[in-house]
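Shown next: data-v3.cif, given as mmCIF, C-alpha atoms.
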data_query
#
loop_
_atom_site.label_atom_id
_atom_site.label_comp_id
_atom_site.auth_asym_id
_atom_site.auth_seq_id
_atom_site.Cartn_x
_atom_site.Cartn_y
_atom_site.Cartn_z
CA MET M 1387 79.31 -59.49 62.47
CA LEU M 1388 75.93 -57.65 62.46
CA GLN M 1389 77.78 -54.32 62.59
CA ARG M 1390 79.83 -55.19 59.49
CA ILE M 1391 76.66 -56.01 57.50
CA ARG M 1392 75.08 -52.61 58.31
CA VAL M 1393 78.25 -50.75 57.25
CA ALA M 1394 78.45 -52.67 54.01
CA ALA M 1395 74.82 -51.88 53.18
CA LEU M 1396 75.37 -48.18 53.75
CA ALA M 1397 78.48 -48.22 51.56
CA VAL M 1398 76.57 -49.79 48.74
CA ALA M 1399 73.89 -47.10 49.02
CA LEU M 1400 76.43 -44.27 48.93
CA GLY M 1401 78.36 -45.87 46.08
CA ALA M 1402 75.19 -45.86 44.00
CA GLY M 1403 75.17 -42.04 44.03
CA ALA M 1404 72.69 -41.79 46.89
CA VAL M 1405 69.79 -42.04 44.36
CA VAL M 1406 66.55 -43.13 46.01
CA LEU M 1407 63.74 -44.40 43.70
CA ALA M 1408 60.18 -44.00 45.02
CA PRO M 1409 57.70 -46.68 44.10
CA SER M 1410 55.24 -45.70 41.24
CA VAL M 1411 51.62 -46.68 40.42
CA ALA M 1412 50.71 -47.08 36.69
CA THR M 1413 47.24 -45.74 35.77
CA ALA M 1414 46.05 -46.75 32.29
CA ALA M 1415 43.33 -44.47 30.69
CA THR M 1416 40.06 -46.22 29.85
CA ASP M 1417 39.02 -46.10 26.16
CA PRO M 1418 35.48 -44.66 25.62
CA VAL M 1419 32.75 -47.16 24.90
CA ILE M 1420 29.73 -46.54 22.57
CA THR M 1421 26.78 -48.89 22.29
CA ARG M 1422 24.88 -49.40 19.05
CA VAL M 1423 22.20 -46.77 18.41
CA GLY M 1424 18.67 -47.99 19.04
CA ILE M 1425 15.80 -46.59 16.88
CA SER M 1426 12.12 -46.53 17.88
CA PRO M 1427 9.93 -47.35 16.09
CA GLY M 1428 12.26 -49.94 14.66
CA PRO M 1429 13.34 -49.59 11.04
CA PRO M 1430 12.13 -49.52 8.43
CA ILE M 1431 10.28 -46.38 9.60
CA ASP M 1432 6.92 -46.44 7.84
CA VAL M 1433 5.69 -42.96 6.79
CA THR M 1434 2.77 -44.22 4.74
CA GLY M 1435 0.23 -42.62 7.08
CA GLY M 1436 2.08 -39.32 7.48
CA ALA M 1437 4.98 -37.91 9.45
CA VAL M 1438 6.58 -40.17 12.10
CA THR M 1439 8.82 -39.03 14.96
CA ALA M 1440 11.62 -41.53 15.61
CA THR M 1441 13.63 -41.71 18.86
CA PHE M 1442 17.38 -42.45 18.74
CA SER M 1443 19.21 -43.66 21.87
CA PHE M 1444 22.64 -45.03 22.77
CA ALA M 1445 24.94 -45.20 25.80
CA THR M 1446 28.56 -44.22 26.40
CA LYS M 1447 31.13 -44.98 29.07
CA GLY M 1448 34.26 -43.05 29.92
CA VAL M 1449 33.21 -39.72 28.28
CA ASP M 1450 31.11 -36.73 29.22
CA LYS M 1451 30.14 -35.60 25.71
CA ALA M 1452 28.64 -37.38 22.71
CA GLU M 1453 27.18 -36.51 19.30
CA LEU M 1454 24.75 -38.21 16.92
CA GLN M 1455 24.78 -37.30 13.22
CA LEU M 1456 22.15 -38.26 10.59
CA LYS M 1457 22.78 -38.16 6.85
CA PRO M 1458 19.91 -38.29 4.28
CA PRO M 1459 19.88 -40.72 1.34
CA GLY M 1460 22.44 -39.84 -1.33
CA ASP M 1461 23.93 -37.00 0.73
CA VAL M 1462 27.74 -37.07 0.64
CA SER M 1463 28.23 -34.10 2.95
CA VAL M 1464 28.75 -34.18 6.69
CA GLY M 1465 25.74 -35.42 8.62
CA LYS M 1466 23.54 -33.02 10.59
CA PRO M 1467 23.68 -33.36 14.39
CA VAL M 1468 20.61 -34.30 16.42
CA ASP M 1469 19.87 -32.47 19.67
CA LEU M 1470 20.55 -34.93 22.51
CA THR M 1471 19.57 -35.17 26.15
CA SER M 1472 21.66 -37.18 28.64
CA ALA M 1473 20.94 -39.26 31.76
CA LYS M 1474 23.60 -40.82 34.06
CA ASP M 1475 23.35 -44.46 35.19
CA GLY M 1476 26.43 -45.34 37.20
CA ASP M 1477 29.48 -45.33 34.91
CA TRP M 1478 27.23 -45.15 31.85
CA THR M 1479 25.49 -42.15 30.22
CA LYS M 1480 22.36 -42.63 28.15
CA TRP M 1481 21.88 -40.23 25.22
CA THR M 1482 18.47 -39.64 23.55
CA GLY M 1483 17.34 -37.54 20.57
CA THR M 1484 14.40 -37.37 18.12
CA ARG M 1485 13.74 -36.51 14.47
CA SER M 1486 10.59 -36.37 12.35
CA PHE M 1487 10.37 -38.19 8.99
CA ASP M 1488 7.73 -37.96 6.26
CA SER M 1489 7.21 -39.13 2.69
CA THR M 1490 9.85 -36.72 1.40
CA ASN M 1491 12.52 -38.58 3.44
CA VAL M 1492 12.13 -42.06 1.90
CA GLY M 1493 15.40 -43.97 1.41
CA THR M 1494 18.47 -45.26 3.27
CA TRP M 1495 19.75 -42.99 6.02
CA SER M 1496 23.14 -43.16 7.77
CA TRP M 1497 23.80 -42.57 11.45
CA LEU M 1498 27.10 -41.90 13.22
CA ALA M 1499 27.59 -41.75 17.01
CA VAL M 1500 30.76 -40.01 18.20
CA ALA M 1501 32.18 -39.91 21.77
CA GLY M 1502 35.73 -38.89 22.57
CA GLY M 1503 37.99 -40.53 20.01
CA ALA M 1504 35.54 -43.38 19.36
CA SER M 1505 32.68 -43.59 16.85
CA ARG M 1506 30.12 -46.06 15.66
CA GLY M 1507 27.91 -45.98 12.58
CA GLY M 1508 25.10 -47.73 10.75
CA THR M 1509 22.10 -47.27 8.48
CA PHE M 1510 18.30 -47.45 8.64
CA GLU M 1511 15.42 -47.24 6.18
CA VAL M 1512 12.52 -44.79 5.83
CA SER M 1513 9.87 -46.31 3.58
CA VAL M 1514 6.34 -46.11 2.25
CA LYS M 1515 4.66 -49.47 2.34
CA LYS M 1516 1.59 -48.37 0.39
CA VAL M 1517 0.86 -45.34 -1.77
CA LEU M 1518 -2.26 -43.69 -0.36
CA ASP M 1519 -5.35 -42.81 -2.35
CA THR M 1520 -6.32 -39.19 -1.65
CA LYS M 1521 -9.46 -37.14 -2.11
CA ILE M 1522 -10.38 -33.51 -1.46
CA VAL M 1523 -13.89 -33.23 -0.08
CA ASP M 1524 -16.26 -30.46 1.06
CA PHE M 1525 -14.43 -27.80 -0.94
CA ASP M 1526 -16.19 -24.44 -0.75
CA ALA M 1527 -15.46 -20.86 -1.85
CA SER M 1528 -17.71 -18.30 -0.20
CA PRO M 1529 -19.51 -16.00 -0.45
CA ASP M 1530 -20.72 -16.77 -3.96
CA LEU M 1531 -21.25 -13.09 -4.91
CA VAL M 1532 -18.73 -10.38 -3.94
CA ASP M 1533 -17.57 -6.92 -4.94
CA LYS M 1534 -14.41 -6.76 -6.99
CA GLY M 1535 -11.34 -6.96 -4.76
CA ASP M 1536 -13.17 -8.41 -1.74
CA LEU M 1537 -11.76 -11.37 0.21
CA ILE M 1538 -13.38 -14.79 -0.04
CA ARG M 1539 -12.70 -17.85 2.13
CA VAL M 1540 -11.87 -21.24 0.61
CA THR M 1541 -12.08 -24.40 2.75
CA GLY M 1542 -11.94 -28.15 2.31
CA GLN M 1543 -10.54 -31.43 3.68
CA LEU M 1544 -7.81 -33.67 2.28
CA LEU M 1545 -8.42 -37.39 2.91
CA ALA M 1546 -5.98 -40.29 2.50
CA ASP M 1547 -7.58 -43.74 2.42
CA GLY M 1548 -10.67 -42.14 3.93
CA LYS M 1549 -8.92 -40.42 6.85
CA GLY M 1550 -7.82 -36.81 7.39
CA TYR M 1551 -4.35 -36.30 5.91
CA GLY M 1552 -2.47 -33.67 7.89
CA GLY M 1553 0.73 -31.75 7.28
CA GLN M 1554 0.31 -31.74 3.49
CA THR M 1555 0.56 -28.86 1.02
CA VAL M 1556 -2.58 -28.01 -0.95
CA ALA M 1557 -2.64 -25.41 -3.76
CA ILE M 1558 -5.63 -23.07 -4.20
CA THR M 1559 -6.13 -22.46 -7.94
CA PHE M 1560 -8.47 -20.28 -10.02
CA ARG M 1561 -9.83 -20.28 -13.58
CA GLU M 1562 -11.21 -16.99 -14.82
CA ARG M 1563 -14.45 -17.01 -16.81
CA GLY M 1564 -13.66 -17.27 -20.52
CA THR M 1565 -10.32 -19.06 -20.01
CA ASP M 1566 -9.35 -22.76 -19.95
CA ALA M 1567 -6.42 -22.95 -17.52
CA TYR M 1568 -6.25 -22.86 -13.74
CA ARG M 1569 -3.49 -20.81 -12.13
CA GLU M 1570 -2.15 -21.07 -8.61
CA ILE M 1571 -3.24 -18.32 -6.22
CA ALA M 1572 -2.11 -19.58 -2.79
CA LYS M 1573 -0.75 -22.59 -0.90
CA VAL M 1574 -1.95 -23.90 2.46
CA THR M 1575 -0.94 -26.73 4.80
CA THR M 1576 -3.55 -29.16 6.07
CA GLY M 1577 -4.18 -29.50 9.78
CA GLY M 1578 -3.99 -32.75 11.71
CA ASN M 1579 -7.44 -33.79 10.51
CA GLY M 1580 -6.78 -32.80 6.90
CA TRP M 1581 -8.82 -29.58 6.96
CA PHE M 1582 -7.46 -26.46 5.27
CA SER M 1583 -8.62 -22.88 4.71
CA ALA M 1584 -7.32 -19.66 3.16
CA ASN M 1585 -8.47 -16.10 2.48
CA VAL M 1586 -7.94 -15.01 -1.11
CA ARG M 1587 -8.95 -11.88 -3.03
CA ALA M 1588 -11.55 -12.23 -5.80
CA ARG M 1589 -10.99 -9.88 -8.73
CA GLU M 1590 -12.81 -11.67 -11.56
CA THR M 1591 -15.73 -14.07 -11.93
CA GLY M 1592 -14.56 -17.68 -12.21
CA TRP M 1593 -14.04 -21.09 -10.63
CA TRP M 1594 -11.94 -21.97 -7.57
CA ARG M 1595 -10.61 -25.40 -6.61
CA ALA M 1596 -7.96 -27.13 -4.46
CA GLU M 1597 -5.19 -29.36 -5.82
CA PHE M 1598 -2.95 -31.86 -4.03
CA THR M 1599 0.20 -32.87 -5.93
CA ALA M 1600 1.22 -36.54 -5.71
CA THR M 1601 4.10 -37.50 -3.41
CA SER M 1602 6.02 -40.75 -2.90
CA ALA M 1603 3.47 -41.59 -0.19
CA ALA M 1604 0.20 -40.45 -1.75
CA LYS M 1605 -1.52 -40.00 -5.08
CA GLY M 1606 -2.57 -36.55 -6.24
CA SER M 1607 -6.17 -35.34 -6.23
CA VAL M 1608 -8.27 -32.32 -7.26
CA SER M 1609 -11.43 -30.99 -5.63
CA ASP M 1610 -14.67 -30.07 -7.34
CA ALA M 1611 -14.73 -26.47 -8.63
CA ASP M 1612 -16.84 -23.77 -6.96
CA ARG M 1613 -17.86 -20.61 -8.85
CA VAL M 1614 -17.72 -17.12 -7.35
CA ASP M 1615 -19.32 -14.18 -9.20
CA VAL M 1616 -17.60 -10.81 -8.91
CA LYS M 1617 -19.62 -7.64 -9.37
CA ARG M 1618 -18.14 -4.25 -9.96
CA GLY M 1619 -18.08 -2.11 -6.82
CA ASP M 1620 -19.02 1.56 -6.66
CA LEU M 1621 -16.85 3.82 -8.77
CA GLY M 1622 -14.48 6.19 -7.04
CA SER M 1623 -14.63 9.95 -7.53
CA ARG M 1624 -12.25 12.85 -6.87
CA ILE M 1625 -12.33 16.62 -7.04
CA ALA M 1626 -9.41 17.92 -9.05
CA GLY M 1627 -7.89 21.38 -9.21
CA PHE M 1628 -9.99 22.96 -6.46
CA ASP M 1629 -9.05 26.61 -6.03
CA ALA M 1630 -10.36 29.47 -3.88
CA ARG M 1631 -9.25 32.89 -5.11
CA PRO M 1632 -8.10 35.60 -4.85
CA GLU M 1633 -5.69 35.09 -1.96
CA PRO M 1634 -5.32 37.15 0.10
CA VAL M 1635 -8.66 38.93 -0.15
CA ASP M 1636 -10.16 41.94 1.60
CA LYS M 1637 -13.04 41.33 3.96
CA GLY M 1638 -16.33 41.78 2.14
CA ASP M 1639 -14.88 41.06 -1.28
CA ARG M 1640 -16.03 38.11 -3.35
CA LEU M 1641 -14.22 34.77 -3.41
CA THR M 1642 -14.63 32.43 -6.37
CA PHE M 1643 -14.27 28.65 -6.23
CA SER M 1644 -13.57 26.31 -9.12
CA GLY M 1645 -12.54 22.73 -9.83
CA ALA M 1646 -13.64 19.59 -11.64
CA LEU M 1647 -15.46 16.45 -10.50
CA LEU M 1648 -13.87 13.33 -11.99
CA VAL M 1649 -15.31 9.82 -11.75
CA GLU M 1650 -13.29 6.62 -12.21
CA ASP M 1651 -13.33 5.39 -15.84
CA ARG M 1652 -15.65 8.26 -16.86
CA GLY M 1653 -13.60 11.43 -16.54
CA GLY M 1654 -15.45 14.66 -15.85
CA VAL M 1655 -19.14 14.15 -15.06
CA ALA M 1656 -21.82 16.79 -15.65
CA GLY M 1657 -25.04 17.35 -13.70
CA GLU M 1658 -23.68 16.52 -10.22
CA ARG M 1659 -23.94 18.92 -7.29
CA VAL M 1660 -20.72 19.97 -5.57
CA SER M 1661 -20.92 21.85 -2.26
CA ILE M 1662 -18.48 24.43 -0.90
CA PHE M 1663 -17.60 24.27 2.81
CA PHE M 1664 -15.63 26.66 5.04
CA LYS M 1665 -13.70 26.15 8.30
CA ALA M 1666 -12.63 29.33 10.08
CA ALA M 1667 -9.13 29.65 11.52
CA GLY M 1668 -9.03 28.04 14.99
CA SER M 1669 -12.25 26.07 14.41
CA ASN M 1670 -12.75 22.32 13.94
CA ARG M 1671 -16.12 22.62 12.23
CA TRP M 1672 -16.76 22.72 8.49
CA GLU M 1673 -19.82 24.80 7.53
CA TYR M 1674 -21.79 24.70 4.28
CA VAL M 1675 -21.62 27.95 2.28
CA THR M 1676 -22.81 27.42 -1.29
CA SER M 1677 -22.92 24.90 -4.14
CA ASP M 1678 -22.91 24.49 -7.90
CA VAL M 1679 -23.94 21.82 -10.43
CA THR M 1680 -21.13 20.54 -12.62
CA GLY M 1681 -21.11 21.38 -16.28
CA ARG M 1682 -19.21 19.86 -19.15
CA GLN M 1683 -16.08 17.96 -18.17
CA GLY M 1684 -17.31 18.05 -14.57
CA ARG M 1685 -16.29 21.68 -13.97
CA PHE M 1686 -17.98 23.79 -11.31
CA TRP M 1687 -17.84 27.49 -10.39
CA ALA M 1688 -19.24 29.20 -7.27
CA SER M 1689 -18.65 32.36 -5.26
CA ALA M 1690 -19.11 33.72 -1.73
CA THR M 1691 -18.33 36.79 0.33
CA ALA M 1692 -15.05 36.68 2.25
CA GLN M 1693 -15.57 37.28 5.97
CA ASP M 1694 -12.81 35.46 7.89
CA SER M 1695 -9.50 33.76 7.21
CA GLY M 1696 -9.73 29.97 7.02
CA TRP M 1697 -9.91 26.84 4.90
CA TRP M 1698 -12.21 26.19 1.94
CA ARG M 1699 -12.96 22.85 0.30
CA ALA M 1700 -15.38 21.20 -2.11
CA GLU M 1701 -17.42 18.11 -1.24
CA TYR M 1702 -19.30 15.65 -3.45
CA ALA M 1703 -21.86 13.48 -1.64
CA GLY M 1704 -21.84 10.75 -4.29
CA THR M 1705 -24.73 9.04 -6.04
CA ARG M 1706 -25.88 5.54 -6.88
CA GLY M 1707 -22.85 3.58 -8.05
CA VAL M 1708 -20.40 6.41 -7.31
CA ARG M 1709 -18.68 7.09 -4.00
CA GLY M 1710 -18.42 10.63 -2.66
CA SER M 1711 -15.18 12.59 -2.32
CA VAL M 1712 -13.68 15.70 -0.72
CA SER M 1713 -11.12 18.05 -2.24
CA ASP M 1714 -7.93 19.23 -0.58
CA GLY M 1715 -8.40 22.32 1.57
CA ASP M 1716 -7.36 25.74 0.27
CA TRP M 1717 -6.34 28.42 2.80
CA VAL M 1718 -7.43 32.01 2.16
CA LYS M 1719 -6.29 34.95 4.28
CA VAL M 1720 -8.86 37.70 4.71
CA ASN M 1721 -7.54 41.19 5.39
CA GLU M 1722 -9.49 43.94 7.08
CA PRO M 1723 -10.42 46.55 4.46
CA ALA M 1724 -8.32 49.67 4.29
CA PRO M 1725 -9.79 52.86 5.84
CA PRO M 1726 -11.74 55.11 3.45
CA PRO M 1727 -9.44 57.19 1.28
CA PRO M 1728 -9.40 60.94 1.57
CA PRO M 1729 -12.07 62.58 -0.61
CA ALA M 1730 -9.64 64.30 -2.95
CA LYS M 1731 -8.74 61.71 -5.55
CA ALA M 1732 -7.93 61.73 -9.21
CA ASP M 1733 -10.22 60.25 -11.82
CA THR M 1734 -9.10 57.25 -13.83
CA ARG M 1735 -10.29 55.50 -16.96
CA LEU M 1736 -9.73 52.17 -18.72
CA ILE M 1737 -9.62 52.55 -22.49
CA LYS M 1738 -8.76 50.53 -25.59
CA PHE M 1739 -9.95 47.30 -23.95
CA ASN M 1740 -9.93 44.36 -26.34
CA ALA M 1741 -10.38 40.58 -25.86
CA TYR M 1742 -9.05 38.48 -28.74
CA PRO M 1743 -8.97 36.34 -30.81
CA GLU M 1744 -12.69 36.03 -31.49
CA PRO M 1745 -13.98 33.43 -31.75
CA VAL M 1746 -11.62 31.19 -29.77
CA LYS M 1747 -11.48 27.39 -29.50
CA ARG M 1748 -12.45 26.03 -26.10
CA GLY M 1749 -9.41 25.53 -23.86
CA LYS M 1750 -7.19 27.88 -25.89
CA TYR M 1751 -5.81 31.16 -24.53
CA LEU M 1752 -7.73 34.45 -24.76
CA LYS M 1753 -5.62 37.60 -24.68
CA PHE M 1754 -6.66 40.94 -23.18
CA LYS M 1755 -5.16 44.39 -23.57
CA GLY M 1756 -6.06 47.95 -22.65
CA SER M 1757 -4.75 51.11 -21.03
CA LEU M 1758 -5.21 52.56 -17.54
CA GLN M 1759 -5.02 56.40 -17.41
CA ILE M 1760 -5.24 59.07 -14.69
CA PHE M 1761 -6.49 62.64 -15.13
CA ASP M 1762 -3.64 64.74 -13.81
CA GLU M 1763 -3.35 68.52 -14.10
CA GLY M 1764 -5.76 68.85 -16.98
CA SER M 1765 -4.63 65.88 -19.13
CA TRP M 1766 -4.85 62.09 -19.27
CA GLU M 1767 -1.65 60.18 -18.58
CA GLY M 1768 -0.71 56.49 -18.28
CA TYR M 1769 -0.98 55.11 -14.73
CA LYS M 1770 0.50 52.03 -13.03
CA GLY M 1771 -2.16 50.16 -11.04
CA LYS M 1772 -3.66 46.81 -10.01
CA VAL M 1773 -6.41 45.85 -12.43
CA ALA M 1774 -8.79 42.88 -12.15
CA LEU M 1775 -10.17 40.84 -15.06
CA PHE M 1776 -13.85 39.85 -14.82
CA PHE M 1777 -16.04 37.53 -16.88
CA LYS M 1778 -19.83 37.21 -17.29
CA PRO M 1779 -20.90 33.94 -18.97
CA ALA M 1780 -23.48 34.13 -21.71
CA GLY M 1781 -26.95 34.08 -20.18
CA SER M 1782 -25.71 35.08 -16.74
CA LYS M 1783 -26.28 38.37 -14.90
CA LYS M 1784 -23.28 38.07 -12.60
CA TRP M 1785 -19.71 39.13 -13.25
CA GLN M 1786 -17.11 36.67 -11.96
CA TYR M 1787 -13.60 37.54 -10.85
CA VAL M 1788 -10.93 35.79 -12.95
CA LYS M 1789 -7.47 37.18 -12.14
CA THR M 1790 -5.45 40.30 -11.29
CA THR M 1791 -2.75 42.00 -13.35
CA TRP M 1792 -0.79 45.27 -13.26
CA SER M 1793 -0.50 48.01 -15.80
CA ASN M 1794 2.98 49.17 -16.64
CA GLY M 1795 4.34 52.66 -16.01
CA GLY M 1796 2.76 53.91 -19.23
CA GLY M 1797 -0.63 52.45 -18.29
CA GLY M 1798 -0.43 49.53 -20.72
CA LEU M 1799 -2.31 46.35 -19.75
CA TYR M 1800 -1.87 42.81 -21.04
CA THR M 1801 -2.80 39.36 -19.71
CA LYS M 1802 -4.24 36.04 -20.90
CA VAL M 1803 -6.43 33.15 -19.66
CA LYS M 1804 -7.87 30.00 -21.19
CA GLY M 1805 -11.35 30.35 -22.62
CA TRP M 1806 -13.95 27.80 -21.57
CA ASP M 1807 -17.33 29.48 -22.17
CA SER M 1808 -18.73 32.26 -24.32
CA GLY M 1809 -19.41 35.56 -22.59
CA ARG M 1810 -18.33 39.12 -21.88
CA TRP M 1811 -14.99 40.26 -20.47
CA ARG M 1812 -13.86 43.56 -18.90
CA PHE M 1813 -11.12 45.17 -16.83
CA VAL M 1814 -11.94 46.73 -13.45
CA PHE M 1815 -9.64 49.11 -11.58
CA SER M 1816 -10.73 49.46 -7.94
CA GLY M 1817 -8.69 52.60 -7.42
CA ASP M 1818 -6.14 53.30 -4.71
CA ASP M 1819 -5.22 55.95 -2.16
CA ASP M 1820 -4.78 58.56 -4.87
CA THR M 1821 -7.36 57.59 -7.48
CA TYR M 1822 -10.93 56.58 -8.04
CA GLY M 1823 -11.72 53.28 -9.71
CA ALA M 1824 -12.72 52.71 -13.29
CA THR M 1825 -14.29 50.00 -15.45
CA SER M 1826 -13.54 49.33 -19.08
CA ARG M 1827 -16.11 48.62 -21.73
CA SER M 1828 -17.04 44.93 -22.05
CA ASP M 1829 -16.06 42.77 -25.01
CA TYR M 1830 -17.99 39.62 -26.02
CA VAL M 1831 -16.02 36.54 -27.14
CA ARG M 1832 -17.63 33.39 -28.52
CA VAL M 1833 -15.98 30.10 -27.49
CA LYS M 1834 -16.17 27.28 -30.04
CA ARG M 1835 -16.58 23.72 -28.76
#

Translate the structure of the given file into structure tokens.
Amino acid sequence: MLQRIRVAALAVALGAGAVVLAPSVATAATDPVITRVGISPGPPIDVTGGAVTATFSFATKGVDKAELQLKPPGDVSVGKPVDLTSAKDGDWTKWTGTRSFDSTNVGTWSWLAVAGGASRGGTFEVSVKKVLDTKIVDFDASPDLVDKGDLIRVTGQLLADGKGYGGQTVAITFRERGTDAYREIAKVTTGGNGWFSANVRARETGWWRAEFTATSAAKGSVSDADRVDVKRGDLGSRIAGFDARPEPVDKGDRLTFSGALLVEDRGGVAGERVSIFFKAAGSNRWEYVTSDVTGRQGRFWASATAQDSGWWRAEYAGTRGVRGSVSDGDWVKVNEPAPPPPPAKADTRLIKFNAYPEPVKRGKYLKFKGSLQIFDEGSWEGYKGKVALFFKPAGSKKWQYVKTTWSNGGGGLYTKVKGWDSGRWRFVFSGDDDTYGATSRSDYVRVKR
């Protein structure tokens, strides 16, 4: 009987297709859980006394990540996330974040906590319970007397209901003497005790003060005004158009130096001494050589013997109310003089020299013409050569080099320069390897002012 039962059971199993079903265990996923967000200090958050840092905290279960978003009053966009820190406590995770609120954040805020597919939201208030009375005390702008363009320091303290009011914006304003309106120069933020300071540049005499603009938490206020007098600083000077010439020059020949001393707001200034300094090639030392006193329009003219190649410059030491200045350097190459020419040379002459027009207006061009000739085989013929133009101011005993020009193949000479002072002019031919030098007659030209 027992044997028949076993056979029947086996037949049933085979007849069922020999399918064997293993037992299964159902595991249902746990939905995430989010607690309500706690806020400390508890709402409404009172920012009457200044900025307040609030702490937001909530707990989650069944998730490893969470997010907290805050949305300002009237903002319809997506909330901004708050940085969170987490701490595990068994199956729960506590999330904590902070945010600072001040009087610019008054109103109803929204919060939204998100974890996994779950979320939870709510609102809280930021409010001002009492509008503060403010006052700016101990305002000072110093020093009281400065040179134009110098920095001054402005300081003061912003009080709210008698206490230092920190983290607030204060404007530094200025009213120039002779005007009625203050204009903003700078903005500063008060420290924790309400003190503020700023460095500003004083350009005109006038009054400085500090201004605090009213906010939803505090009334506006204005400090007392403090006057600062601005005096004009020393005038600047510069040396314009400095020139050392000729360049290059033979050793032992004369160099002439010219330029103009200009003073800020005055132009060229007469009666000031300008010194000429020289620095030889390879040297670091400037050495005094000569000087001149400026004439009309601040112009100066000096000369010296060329000895070595190097840099030349003009220096003005300054005077009361005027700062000194130094010109740009001008390089002059000095060549060793050529060996003496052989004794047999031809004579030369400079004829038909004329300086015109006469008289000439100051600053206008003077023209010069003449002819350079050589005595060759019993007759005078035109000669091509390097001829220098010299000038001797009226009342002076010294001839001054002005410029160099060349005669053409027929001996003809022509050049021009601007006339600045009355005096005599002449051409000088120094000669060359084949000829002796020659000097023209001088021609006086009066310069009209």

Starting from the shown file, work through the PyMOL selection byres ((chain M and resi 1635) around 7) and note down what comes out as a ChimeraX atom specification. /M:1632-1634,1636-1637,1639,1719-1721

Residues proximal to (-15.6, 12.0, -13.9) were defined as those with any atom within 10 Å of that point in the file's coordinates, counting all atoms listed in the file. Which are they, as a compact mmCIF listing (two decimals) with C-alpha atoms, in the coordinates of the input?
# COMPACT_ATOMS: atom_id res chain seq x y z
CA LEU M 1621 -16.85 3.82 -8.77
CA GLY M 1622 -14.48 6.19 -7.04
CA SER M 1623 -14.63 9.95 -7.53
CA ARG M 1624 -12.25 12.85 -6.87
CA ILE M 1625 -12.33 16.62 -7.04
CA ALA M 1626 -9.41 17.92 -9.05
CA ALA M 1646 -13.64 19.59 -11.64
CA LEU M 1647 -15.46 16.45 -10.50
CA LEU M 1648 -13.87 13.33 -11.99
CA VAL M 1649 -15.31 9.82 -11.75
CA GLU M 1650 -13.29 6.62 -12.21
CA ASP M 1651 -13.33 5.39 -15.84
CA ARG M 1652 -15.65 8.26 -16.86
CA GLY M 1653 -13.60 11.43 -16.54
CA GLY M 1654 -15.45 14.66 -15.85
CA VAL M 1655 -19.14 14.15 -15.06
CA ALA M 1656 -21.82 16.79 -15.65
CA GLU M 1658 -23.68 16.52 -10.22
CA GLN M 1683 -16.08 17.96 -18.17
CA GLY M 1684 -17.31 18.05 -14.57
CA ARG M 1685 -16.29 21.68 -13.97
CA VAL M 1708 -20.40 6.41 -7.31

I'd like a table as a Markdown table: residues in segment 1554-1587 of chain M with an atom no more than 8 Å from segment 1530-1545 of chain M, each row giving the shortest atom pair and its distance in Å to one decimal, only C-alpha atoms counted, sorted by chain and rising residue number.
| residue | atom | partner | partner_atom | distance |
| --- | --- | --- | --- | --- |
| M:Thr1576 | CA | M:Leu1544 | CA | 7.3 |
| M:Asn1579 | CA | M:Gln1543 | CA | 7.9 |
| M:Gly1580 | CA | M:Leu1544 | CA | 4.8 |
| M:Trp1581 | CA | M:Gln1543 | CA | 4.1 |
| M:Phe1582 | CA | M:Gly1542 | CA | 5.6 |
| M:Ser1583 | CA | M:Thr1541 | CA | 4.3 |
| M:Ala1584 | CA | M:Val1540 | CA | 5.4 |
| M:Asn1585 | CA | M:Arg1539 | CA | 4.6 |
| M:Val1586 | CA | M:Leu1537 | CA | 5.4 |
| M:Arg1587 | CA | M:Leu1537 | CA | 4.3 |

Ser1443 of chain M proximity check over M:Phe1487, M:Phe1686, M:Trp1497, M:Tyr1787, using only C-alpha atoms: winner is M:Trp1497

Could you tell me which residues the PyMOL selection byres ((chain M and resi 1834) around 12) grabs in this file, written as a VMD selection string? chain M and resid 1743 to 1750 1805 to 1809 1831 to 1833 1835

For those residues, write C-alpha atoms to a file as a tab-separated table (two decimals), in the frame of the given file.
chain	number	residue	atom	x	y	z
M	1743	PRO	CA	-8.97	36.34	-30.81
M	1744	GLU	CA	-12.69	36.03	-31.49
M	1745	PRO	CA	-13.98	33.43	-31.75
M	1746	VAL	CA	-11.62	31.19	-29.77
M	1747	LYS	CA	-11.48	27.39	-29.50
M	1748	ARG	CA	-12.45	26.03	-26.10
M	1749	GLY	CA	-9.41	25.53	-23.86
M	1750	LYS	CA	-7.19	27.88	-25.89
M	1805	GLY	CA	-11.35	30.35	-22.62
M	1806	TRP	CA	-13.95	27.80	-21.57
M	1807	ASP	CA	-17.33	29.48	-22.17
M	1808	SER	CA	-18.73	32.26	-24.32
M	1809	GLY	CA	-19.41	35.56	-22.59
M	1831	VAL	CA	-16.02	36.54	-27.14
M	1832	ARG	CA	-17.63	33.39	-28.52
M	1833	VAL	CA	-15.98	30.10	-27.49
M	1835	ARG	CA	-16.58	23.72	-28.76

Could you check which of M:Gly1668, M:Gly1493, M:Gly1460, M:Pro1725 is closest to Ile1431 of chain M, using only C-alpha atoms? M:Gly1493

Can you list what the PyMOL selection byres ((chain M and resi 1594) around 8) grabs from this structure, as a list in words? Ala1527, Ile1558, Thr1559, Phe1560, Arg1561, Gly1592, Trp1593, Arg1595, Ala1596, Ala1611, Asp1612, Arg1613 and Val1614 of chain M

Within 10 Å of (-22.0, 25.5, -0.4) in the file's own coordinates, which protein, DNA or RNA residues have an atom, counting only C-alpha atoms? List them as a PyMOL selection string. chain M and resi 1659-1664+1673-1678+1688-1690+1699-1701
